[in-house]
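Colleague: Let me give you the structure first, and then I'll get to my questions.
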Amino acid sequence: MNKTNLNSLWVLLAGLGIGVIVFGVFKVIFTQAPPPAVPHYMMRPEPPEEKFGYQFESLLSTPSLEMPLDFSLDPSGRLFFILDKKFYLIGLTAPITSEAEIPQQIDGATIGTVTSADWAPDIPVDSLTVYLGANTGVYQWVVPTSMPEPKEDVLKDLAKKFTAGFTENSRLDSIRFFGGKLFVADSGAGELRVYDQKSGELIQTINLSALNPPCGKNLNIDIHFGGSDSDYTVWIADPDNVRFVPIQSDGQCSASRIWGQRGKALESFQGLFAPSRFVIEPDGSFIVAENNYPCVKKFRPDGTFECVVAGDRAFNWSKSDKPFVASFEGKIYILTPESSKILQFSPKP
């Protein structure tokens, strides 16, 4: 091989080597995993101070909860209960006082997966009886705790179960007792059903699928007392459609009273699923928590923004998956599942 050909070969080999190196560098640079996306709730500052109408007061530690299902106060405001695979009874100023496994069967009936619960009405809180809501019905459960069991004459006038209207398509989202009635939000059947508290009889069915648009899934309900047991409004949080839907005591829905909006402004819903959980205060105000957004807000009865209850700092910059809210005597209680804490807020002086 002459010298010219040898030089050409070296040049070719060198070119190939450089090409391999350049290709390798290019591949490393352009095939790296993209930088992690900054969550949307970290992209903005804390709401301005003048937007806050509440201040943090104290906190309680709770059990480690992976999938909390419901959170509430009893009528006296003395106790919390939290549902996961277990039932936990927690005092306002004390750690866990008792816990119990959620039953799979009650009175020989398989109840299915429990998705909601509410305090049993008209039963003294020192005798712990609750109602568990599942896809097969709503069942009375006397919780096995160190507390004395309620006397039979206390329970005899209350239905032990509510199963009429449940089908294989039922998906029970939320239950609430009010005025001698039980209200059940069943997004699988697309219905709000009302039962007589004493007999367990189904007395009213409201077709939520007939609304325009129909209500979606993961519904949450609370009831605004209008002054008498026959004067009330059942409010339904419909996160799929970003709205609150009012159902009057006669079963009708006044379209002019539906409210809700999504947007980037603080005054609107900003979470991925909003509104997620809420509670109605005696004056008709709404305390609203949004899924995947660390900000709890207060809205007036007509849906206009009033103030911020808790902002980013209160949630320690967590994404606040499914925060739960409760209200008692003007104070707001927020359960943050990720931190396993219940935060207490009071109105600013």
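FYI, nothing fancy with the structure tokens labels: chains A, B, ... in order, residues from 1 per chain, ligands from 1 as they appear.
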Considering only helix (DSSP H, G or I) as DSSP defines it on the backbone, what residues of stretch 132-312 of chain A qualify? List them as a PyMOL selection string.
Modeller: chain A and resi 152-155+208-210+239-241+255-257+312
Colleague: Output N, CA, C and O atoms for every residue in the selection just made, as a PDB file, in the first residue's frame.
Modeller:
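What ended up in out22.pdb:
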```
ATOM      1  N   GLU A 152     -80.630  -0.699  73.745  1.00  0.00           N
ATOM      2  CA  GLU A 152     -81.482  -1.086  72.632  1.00  0.00           C
ATOM      3  C   GLU A 152     -82.623  -0.105  72.414  1.00  0.00           C
ATOM      4  O   GLU A 152     -83.033   0.141  71.283  1.00  0.00           O
ATOM      5  N   ASP A 153     -83.153   0.482  73.507  1.00  0.00           N
ATOM      6  CA  ASP A 153     -84.267   1.399  73.333  1.00  0.00           C
ATOM      7  C   ASP A 153     -83.840   2.691  72.646  1.00  0.00           C
ATOM      8  O   ASP A 153     -84.667   3.437  72.124  1.00  0.00           O
ATOM      9  N   VAL A 154     -82.533   2.969  72.624  1.00  0.00           N
ATOM     10  CA  VAL A 154     -82.029   4.126  71.900  1.00  0.00           C
ATOM     11  C   VAL A 154     -81.994   3.839  70.408  1.00  0.00           C
ATOM     12  O   VAL A 154     -82.308   4.689  69.568  1.00  0.00           O
ATOM     13  N   LEU A 155     -81.624   2.609  70.042  1.00  0.00           N
ATOM     14  CA  LEU A 155     -81.447   2.252  68.639  1.00  0.00           C
ATOM     15  C   LEU A 155     -82.710   1.726  67.969  1.00  0.00           C
ATOM     16  O   LEU A 155     -82.767   1.644  66.743  1.00  0.00           O
ATOM     17  N   LEU A 208     -79.843  12.855  38.920  1.00  0.00           N
ATOM     18  CA  LEU A 208     -78.762  13.801  38.649  1.00  0.00           C
ATOM     19  C   LEU A 208     -78.271  13.711  37.209  1.00  0.00           C
ATOM     20  O   LEU A 208     -77.608  14.618  36.721  1.00  0.00           O
ATOM     21  N   SER A 209     -78.595  12.610  36.532  1.00  0.00           N
ATOM     22  CA  SER A 209     -78.200  12.450  35.135  1.00  0.00           C
ATOM     23  C   SER A 209     -79.030  13.331  34.208  1.00  0.00           C
ATOM     24  O   SER A 209     -78.662  13.537  33.051  1.00  0.00           O
ATOM     25  N   ALA A 210     -80.155  13.839  34.728  1.00  0.00           N
ATOM     26  CA  ALA A 210     -81.023  14.675  33.897  1.00  0.00           C
ATOM     27  C   ALA A 210     -80.551  16.124  33.844  1.00  0.00           C
ATOM     28  O   ALA A 210     -81.054  16.909  33.029  1.00  0.00           O
ATOM     29  N   PRO A 239     -67.114  17.838  41.035  1.00  0.00           N
ATOM     30  CA  PRO A 239     -65.794  18.257  40.541  1.00  0.00           C
ATOM     31  C   PRO A 239     -65.588  18.035  39.052  1.00  0.00           C
ATOM     32  O   PRO A 239     -64.847  18.780  38.420  1.00  0.00           O
ATOM     33  N   ASP A 240     -66.228  17.028  38.462  1.00  0.00           N
ATOM     34  CA  ASP A 240     -66.060  16.789  37.026  1.00  0.00           C
ATOM     35  C   ASP A 240     -66.552  17.966  36.202  1.00  0.00           C
ATOM     36  O   ASP A 240     -66.062  18.205  35.087  1.00  0.00           O
ATOM     37  N   ASN A 241     -67.525  18.698  36.728  1.00  0.00           N
ATOM     38  CA  ASN A 241     -68.087  19.841  36.006  1.00  0.00           C
ATOM     39  C   ASN A 241     -67.784  21.170  36.695  1.00  0.00           C
ATOM     40  O   ASN A 241     -68.350  22.203  36.330  1.00  0.00           O
ATOM     41  N   ALA A 255     -81.491  26.123  38.357  1.00  0.00           N
ATOM     42  CA  ALA A 255     -80.285  26.315  37.545  1.00  0.00           C
ATOM     43  C   ALA A 255     -79.622  27.658  37.819  1.00  0.00           C
ATOM     44  O   ALA A 255     -78.396  27.796  37.720  1.00  0.00           O
ATOM     45  N   SER A 256     -80.405  28.657  38.207  1.00  0.00           N
ATOM     46  CA  SER A 256     -79.841  29.988  38.449  1.00  0.00           C
ATOM     47  C   SER A 256     -78.965  30.024  39.697  1.00  0.00           C
ATOM     48  O   SER A 256     -78.169  30.942  39.864  1.00  0.00           O
ATOM     49  N   ARG A 257     -79.104  29.023  40.565  1.00  0.00           N
ATOM     50  CA  ARG A 257     -78.317  29.003  41.799  1.00  0.00           C
ATOM     51  C   ARG A 257     -77.058  28.150  41.663  1.00  0.00           C
ATOM     52  O   ARG A 257     -76.234  28.122  42.585  1.00  0.00           O
ATOM     53  N   ASP A 312     -50.499  27.882  51.028  1.00  0.00           N
ATOM     54  CA  ASP A 312     -49.416  26.950  50.769  1.00  0.00           C
ATOM     55  C   ASP A 312     -48.613  26.604  52.020  1.00  0.00           C
ATOM     56  O   ASP A 312     -48.265  25.455  52.250  1.00  0.00           O
TER      57      ASP A 312
END
```
Colleague: Compile a residue-level contact table for stretch 71-157 of chain A against stretch 321-337 of chain A at a cut-off of 12 Å, reporting for every qualifying residue the shortest atom pair and its distance in Å to one decimal, with only C-alpha atoms counted, rows ordered by chain and ascending number, as a tab-separated table.
Modeller:
```
residue	atom	partner	partner_atom	distance
A:Phe71	CA	A:Phe324	CA	6.4
A:Ser72	CA	A:Ala326	CA	6.1
A:Leu73	CA	A:Ala326	CA	6.9
A:Asp74	CA	A:Phe328	CA	9.6
A:Pro75	CA	A:Phe328	CA	9.0
A:Ser76	CA	A:Phe328	CA	8.8
A:Gly77	CA	A:Phe328	CA	6.2
A:Arg78	CA	A:Phe328	CA	9.6
A:Leu79	CA	A:Phe328	CA	11.0
A:Phe80	CA	A:Ala326	CA	9.5
A:Phe81	CA	A:Leu335	CA	11.1
A:Ile82	CA	A:Leu335	CA	9.5
A:Leu83	CA	A:Pro337	CA	11.5
A:Asp84	CA	A:Pro337	CA	10.7
A:Leu92	CA	A:Tyr333	CA	10.1
```
Colleague: Which residue gives the smallest distance to A:Gly260 among A:Val242, A:Ile206, A:Ala189, A:Val184, with only C-alpha atoms counted?
Modeller: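 Using only C-alpha atoms, A:Gly260 sits closest to A:Val242.
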Colleague: Residues near stretch 114-131 of chain A, anyone? I mean within 9 Å using only C-alpha atoms, not counting same-chain ones fewer than 4 positions away, as a ChimeraX atom specification.
Modeller: /A:69-76,78-79,81,83-85,102,104,135,138-145,147-151,154-155,158,160-161,171-178,180,197
Colleague: Using Å and a single decimal, report how far atom CA of A:Leu211 sits from atom CA of A:Val194.
Modeller: 17.9 Å
Colleague: Sort by chain and increasing residue number a table of all residues of stretch 222-332 of chain A within 10 Å of stretch 49-55 of chain A, each with its closest pair of atoms and their distance in Å to one decimal, counting only C-alpha atoms, and write it as a Markdown table.
Modeller:
```
| residue | atom | partner | partner_atom | distance |
| --- | --- | --- | --- | --- |
| A:Leu266 | CA | A:Lys51 | CA | 9.3 |
| A:Glu267 | CA | A:Lys51 | CA | 9.8 |
| A:Lys297 | CA | A:Phe52 | CA | 8.9 |
| A:Lys298 | CA | A:Gly53 | CA | 8.6 |
| A:Phe305 | CA | A:Lys51 | CA | 9.9 |
| A:Glu306 | CA | A:Gly53 | CA | 8.2 |
| A:Cys307 | CA | A:Lys51 | CA | 5.3 |
| A:Val308 | CA | A:Phe52 | CA | 4.5 |
| A:Val309 | CA | A:Tyr54 | CA | 5.0 |
| A:Ala310 | CA | A:Tyr54 | CA | 7.2 |
| A:Gly311 | CA | A:Phe52 | CA | 8.4 |
| A:Ala314 | CA | A:Gln55 | CA | 9.7 |
| A:Lys331 | CA | A:Tyr54 | CA | 8.9 |
| A:Ile332 | CA | A:Tyr54 | CA | 8.6 |
```
Colleague: Kindly export the residues of the current selection with C-alpha atoms, as a JSON list (two decimals), in the first residue's frame.
Modeller:
```json
[["chain", "number", "residue", "atom", "x", "y", "z"],
["A", 266, "LEU", "CA", -57.36, 33.04, 43.17],
["A", 267, "GLU", "CA", -61.11, 33.61, 43.35],
["A", 297, "LYS", "CA", -61.06, 29.07, 50.47],
["A", 298, "LYS", "CA", -64.28, 30.50, 51.83],
["A", 305, "PHE", "CA", -65.09, 34.60, 46.91],
["A", 306, "GLU", "CA", -64.75, 35.85, 50.48],
["A", 307, "CYS", "CA", -61.28, 34.91, 51.75],
["A", 308, "VAL", "CA", -58.52, 32.31, 52.03],
["A", 309, "VAL", "CA", -58.68, 29.98, 55.03],
["A", 310, "ALA", "CA", -55.34, 28.19, 54.53],
["A", 311, "GLY", "CA", -52.59, 28.64, 51.95],
["A", 314, "ALA", "CA", -50.10, 25.63, 56.04],
["A", 331, "LYS", "CA", -63.30, 27.23, 63.64],
["A", 332, "ILE", "CA", -62.14, 25.35, 60.54]]
```
Colleague: Report as a list in words all protein, DNA and RNA residues lying within 7 Å of A:Ile247, evaluated on only C-alpha atoms, omitting residues in the same chain fewer than 6 positions from it.
Modeller: Thr233, Val234, Trp235 and Cys253 of chain A
Colleague: Based on the selection just made, write C-alpha atoms of those residues as an mmCIF file, in the first residue's frame.
Modeller:
```
data_model
loop_
_atom_site.group_PDB
_atom_site.id
_atom_site.type_symbol
_atom_site.label_atom_id
_atom_site.label_comp_id
_atom_site.auth_asym_id
_atom_site.auth_seq_id
_atom_site.Cartn_x
_atom_site.Cartn_y
_atom_site.Cartn_z
ATOM 1 C CA THR A 233 -81.024 22.655 50.293
ATOM 2 C CA VAL A 234 -78.769 19.718 49.490
ATOM 3 C CA TRP A 235 -75.606 21.086 47.853
ATOM 4 C CA CYS A 253 -82.748 22.085 40.960
#
```
Colleague: Using only C-alpha atoms, can you tell me which of A:Ala164, A:Val296, A:Ala237, A:Val245 comes closest to A:Pro275?
Modeller: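 Comparing A:Ala164, A:Val296, A:Ala237, A:Val245 against A:Pro275, the winner is A:Ala237.
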Colleague: Report, in Å with one decimal, the straight-line distance from atom CA of A:Ser170 to atom CA of A:Asp231.
Modeller: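 Here the two named atoms are 28.1 Å from each other.
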Colleague: What does the distance between atom CA of A:Glu201 and atom CA of A:Val279 come to in Å, to one decimal place?
Modeller: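 Those two atoms sit 26.8 Å apart.
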Colleague: Just list the residues in stretch 106-327 of chain A DSSP gives strand (DSSP E or B) on the backbone, as a ChimeraX atom specification.
Modeller: /A:106,109-110,114-119,129-134,137-142,161-162,172-178,181-186,191-196,202-207,220-228,231-238,243-248,259,262,269,273-280,286-291,293-299,305-310,324-327
